[in-house]
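Working notes for the structure below.
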Amino acid sequence: MATAPDYKNIPHSHRLPVNHREVQRTFTKLSRQSLVSLALQWLSKKNRDFCKPYLLGDRIQDEAEEEIYEPAQSYEVLQETYKQLAARKGGRREVLDRILEGDWRHGISMYQLATSEIQYLLDHPNALRWTAKRLTKIPSARSPVTDMEVTNDSDHLPRFQAQTFMSNLARELTPLMKAHYLMTRIKTSPITILRVYIHDSPYSNEASLTVESSSTDSAKAVFFVWPNGSPFVYSSLATLTGQVVGDEGRHLRDVVQQAIPKAFSRPSARYQLTSTNFTTKSLDALLTYRGPGKSNAAAGGWSIFQDHSFSQNALDFITTQKGDGQEKNAGDKTGPGRPKRPLDGKESSEAKRRKEIAAGRFGSSAQPDDGQGLERVEVRIDDPFPSPVSGSTATQVDGETSNLDAQTSHQARRGRPSLLDRTAEDLEEIRSEEGWVPNVRVTFQGTHVFAGIRQLVEEGIVDGEKMPGWMTGEAGVTIGSVKDGRIRSKGGVPGV
């Protein structure tokens, strides 16, 4: 017997049992402070319709003997209880048990689960891997084509009205899936978060949410972040830590991502999401490289012009040699705590020069403790190999090229294709060039890639004067192809 599709979204008030897999996975990761803060948020007047706790008036006579926590008489009494928990010290388990086994023992609503996952994301901003997409207007014959990457003109951006956007997004996705939506603006950070909890298809009813399943694709949440006043959208490439997502889950997340620009579009203006070749786990790094007013990639040495690290006009910037004489005089003084034997002047001056070079190349960026670290940067070198001298050498190089191409194609068949794999256009361009272009890829990986490169410059391991600009983070991408020392741009977007 076929089931008729149900084209309704999952409401905020729909409850999941407290022992549900998603509830246990999320709530057990939250801190005591976050749990208390969430409970007070749920008990506020605007959220009571879909966060109803278990009060004394809801008690059934048979449940009185089995109760571990005495139900509160009213919302106000329960609010005072959690304020007392916030005021004194204690363990996380105390608050967790009171929420799941006491005040919300009859179930956790979808709104409560959504706000809990968002709270965990704010507590652990590096929990997810994000990719930055740019919301661009699709050019039409009626409107002139403009380069969206080099302009700060915001006229091409659509008006962001949450209620209208959510209505349009639900209209696009409802025929394809049953989902729960929550969009909230974060007060402590200039971002707006959209959480979409995907549950199979319209043929699944709300009761199926409570059924435990071993499938990794039965239910999953995907997050999108909008920086305030910015043309960029950040989408999560994976769900919260501990949740494995299969191919079907990835496909459903792609469907949601494709529906976002459609929800912004209208008959006179159509939009699309284009890649910016920027992926990272740090939300702070995303706001730095792909935040409000950061569409011109003012990174590396140019960062001094974007963070106002000097007082004068940026257009009237003049370097000065302040403090040179003072430092020399200070070095001649002797006193307590100063070494009796002077340091090697040659070594100290060389180290000082390397630091000055690093400061000039990186500016105020790439500091180890700035919280803007990128974990991985990959580039493909597209420069041709130096021309061979003799014909025999050319024959040998051609043979190596064919073997390399065969090896590359063999590796591509075994694993997932990389964004750095050369396309048909790239191969055609290489064939038209003079000389052999080897397939060379360079990967930098660590907690803060560009801070590590800056430290290598200061230590003299990397030549800061000859180093290409993309190694300072000037290009503002995490994956790209390099030619003649610069990240190549296609379609106005740096990268591959």
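Scheme for the structure tokens: letters A, B, ... for chains in order shown; per-chain residue numbers from 1; ligand numbers from 1 in order shown.
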
So that I can see what lies close to stretch 450-452 of chain A, please list as a VMD selection string the residues with an atom at most 12 Å from it, counting only C-alpha atoms and leaving out residues fewer than 2 positions away in the same chain. chain A and resid 285 299 to 301 358 to 359 361 to 377 444 to 448 454 to 459 461 to 462 469 to 478

Give me the residues within 10 Å of A:Pro384 as an mmCIF file with C-alpha atoms, in the first residue's frame, counting only C-alpha atoms and dropping any in the same chain fewer than 5 places off.
```
data_model
loop_
_atom_site.group_PDB
_atom_site.id
_atom_site.type_symbol
_atom_site.label_atom_id
_atom_site.label_comp_id
_atom_site.auth_asym_id
_atom_site.auth_seq_id
_atom_site.Cartn_x
_atom_site.Cartn_y
_atom_site.Cartn_z
ATOM 1 C CA ILE A 430 49.388 22.946 -21.517
ATOM 2 C CA GLU A 433 52.527 25.940 -24.433
ATOM 3 C CA GLU A 434 56.199 25.464 -25.182
ATOM 4 C CA GLY A 435 57.887 22.942 -22.901
ATOM 5 C CA TRP A 436 56.789 20.268 -20.502
ATOM 6 C CA VAL A 437 54.496 21.100 -17.579
ATOM 7 C CA PRO A 438 54.889 18.503 -14.792
ATOM 8 C CA ASN A 439 52.051 17.692 -12.420
ATOM 9 C CA LYS A 483 51.617 30.127 -12.592
ATOM 10 C CA ASP A 484 54.434 32.671 -12.685
#
```

What residues in stretch 32-196 of chain A get the DSSP label strand (DSSP E)? Please answer as a list in words.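 Secondary structure check on stretch 32-196 of chain A, strand (DSSP E): Ile108, Ser109, Trp130, Thr131, Ala132, Lys133, Arg134, Leu135, Thr136, Lys137, Lys178, Ala179, His180, Tyr181, Leu182, Met183, Thr184, Arg185, Ile191, Thr192, Ile193, Leu194, Arg195 and Val196 of chain A.
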
Keeping N, CA and C atoms for every residue in the selection just given, could you write it to a file as a CSV table (one decimal), in the first residue's frame?
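What landed in again37.csv:
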```
chain,number,residue,atom,x,y,z
A,108,ILE,N,12.1,16.2,24.0
A,108,ILE,CA,12.8,17.4,23.6
A,108,ILE,C,12.2,17.8,22.2
A,109,SER,N,11.8,19.1,22.1
A,109,SER,CA,11.2,19.5,20.9
A,109,SER,C,12.3,19.7,19.8
A,130,TRP,N,34.0,24.3,6.8
A,130,TRP,CA,33.1,25.2,6.1
A,130,TRP,C,33.7,25.5,4.7
A,131,THR,N,32.9,25.7,3.7
A,131,THR,CA,33.3,26.2,2.4
A,131,THR,C,32.6,27.5,2.1
A,132,ALA,N,33.3,28.5,1.6
A,132,ALA,CA,32.7,29.8,1.3
A,132,ALA,C,32.2,29.8,-0.1
A,133,LYS,N,30.9,30.2,-0.3
A,133,LYS,CA,30.3,30.4,-1.6
A,133,LYS,C,29.9,31.8,-1.7
A,134,ARG,N,30.0,32.3,-3.0
A,134,ARG,CA,29.6,33.7,-3.2
A,134,ARG,C,28.3,33.8,-3.9
A,135,LEU,N,27.4,34.6,-3.4
A,135,LEU,CA,26.1,34.8,-4.0
A,135,LEU,C,26.2,35.9,-5.1
A,136,THR,N,26.1,35.4,-6.3
A,136,THR,CA,26.2,36.3,-7.5
A,136,THR,C,25.0,36.3,-8.3
A,137,LYS,N,24.8,37.4,-9.0
A,137,LYS,CA,23.6,37.6,-9.9
A,137,LYS,C,24.0,37.0,-11.2
A,178,LYS,N,11.3,16.1,3.8
A,178,LYS,CA,10.6,16.5,5.0
A,178,LYS,C,11.8,17.1,5.9
A,179,ALA,N,11.6,18.3,6.3
A,179,ALA,CA,12.7,18.9,7.1
A,179,ALA,C,12.2,19.9,8.1
A,180,HIS,N,13.1,20.2,9.1
A,180,HIS,CA,12.8,21.2,10.1
A,180,HIS,C,13.8,22.4,9.9
A,181,TYR,N,13.3,23.6,9.9
A,181,TYR,CA,14.1,24.8,9.6
A,181,TYR,C,14.2,25.7,10.9
A,182,LEU,N,15.4,26.2,11.1
A,182,LEU,CA,15.5,27.2,12.1
A,182,LEU,C,16.6,28.2,11.7
A,183,MET,N,16.3,29.5,11.6
A,183,MET,CA,17.2,30.6,11.3
A,183,MET,C,17.3,31.5,12.5
A,184,THR,N,18.5,31.8,12.9
A,184,THR,CA,18.6,32.7,14.1
A,184,THR,C,19.8,33.6,13.9
A,185,ARG,N,19.7,34.9,14.3
A,185,ARG,CA,20.8,35.8,14.3
A,185,ARG,C,21.6,35.8,15.6
A,191,ILE,N,26.9,37.2,12.4
A,191,ILE,CA,26.5,36.2,11.5
A,191,ILE,C,25.0,35.8,11.8
A,192,THR,N,24.4,35.2,10.8
A,192,THR,CA,23.1,34.6,10.9
A,192,THR,C,23.2,33.1,10.5
A,193,ILE,N,22.7,32.2,11.3
A,193,ILE,CA,22.8,30.7,11.1
A,193,ILE,C,21.5,30.1,10.7
A,194,LEU,N,21.5,29.3,9.6
A,194,LEU,CA,20.4,28.5,9.2
A,194,LEU,C,20.7,27.1,9.4
A,195,ARG,N,19.8,26.4,10.1
A,195,ARG,CA,20.0,24.9,10.4
A,195,ARG,C,18.8,24.2,9.7
A,196,VAL,N,19.1,23.3,8.9
A,196,VAL,CA,18.1,22.5,8.2
A,196,VAL,C,18.3,21.0,8.6
```

Can you tell me, as an MDAnalysis selection string, what residues are no more than 9 Å from A:Leu113 when counting only C-alpha atoms, ignoring any on the same chain fewer than 2 positions away? chainID A and resid 16 22:23 26:27 108:111 115:118

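Straight-line separation from atom CA of A:Glu356 to atom CA of A:Glu465: 10.7 Å.
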
With distances taken over only C-alpha atoms, which residue among A:Leu419, A:Ala87, A:Val255, A:Ala127 lies nearest A:Phe278?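 Checking each candidate against A:Phe278, we get A:Leu419 as the closest.
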
Best match for closeness to A:Gln41 among A:Leu78, A:Leu121, A:Leu286, A:Ala259, counting only C-alpha atoms: A:Leu78

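Take atom CA of A:Ile453 and atom CA of A:Asp421: the distance between them is 25.2 Å.
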
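Candidate residues A:Asp284, A:Thr81, A:Pro190, A:Lys220 were compared for distance to A:Arg21, and the nearest is A:Lys220, using only C-alpha atoms.
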
For the alpha helix (DSSP H) assignment from backbone DSSP, which residues of stretch 54-131 of chain A qualify? Please present them as number ranges by chain. A: 75-87, 92-98, 110-123

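Shortest atom-to-atom contact with A:Phe385 among A:Ile487, A:Val18, A:Leu420, A:Val440: A:Val440, counting only C-alpha atoms.
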
Residues near A:Lys281, anyone? I mean within 6 Å using only C-alpha atoms, not counting same-chain ones fewer than 6 positions away, as number ranges by chain. A: 126, 128-130

May I have the residues from that selection written out with N, CA, C and O atoms, as a compact mmCIF listing (two decimals), in the first residue's frame?
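New file part39.txt:
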```txt
# COMPACT_ATOMS: atom_id res chain seq x y z
N ASN A 126 35.35 25.49 15.76
CA ASN A 126 36.14 24.69 14.82
C ASN A 126 35.60 23.27 14.69
O ASN A 126 36.31 22.37 14.24
N LEU A 128 33.14 22.17 12.74
CA LEU A 128 32.73 21.82 11.38
C LEU A 128 33.72 22.37 10.37
O LEU A 128 34.45 23.32 10.64
N ARG A 129 33.74 21.76 9.21
CA ARG A 129 34.53 22.29 8.09
C ARG A 129 33.58 23.03 7.16
O ARG A 129 32.55 22.53 6.76
N TRP A 130 33.96 24.27 6.83
CA TRP A 130 33.10 25.15 6.05
C TRP A 130 33.73 25.47 4.70
O TRP A 130 34.95 25.52 4.56
```
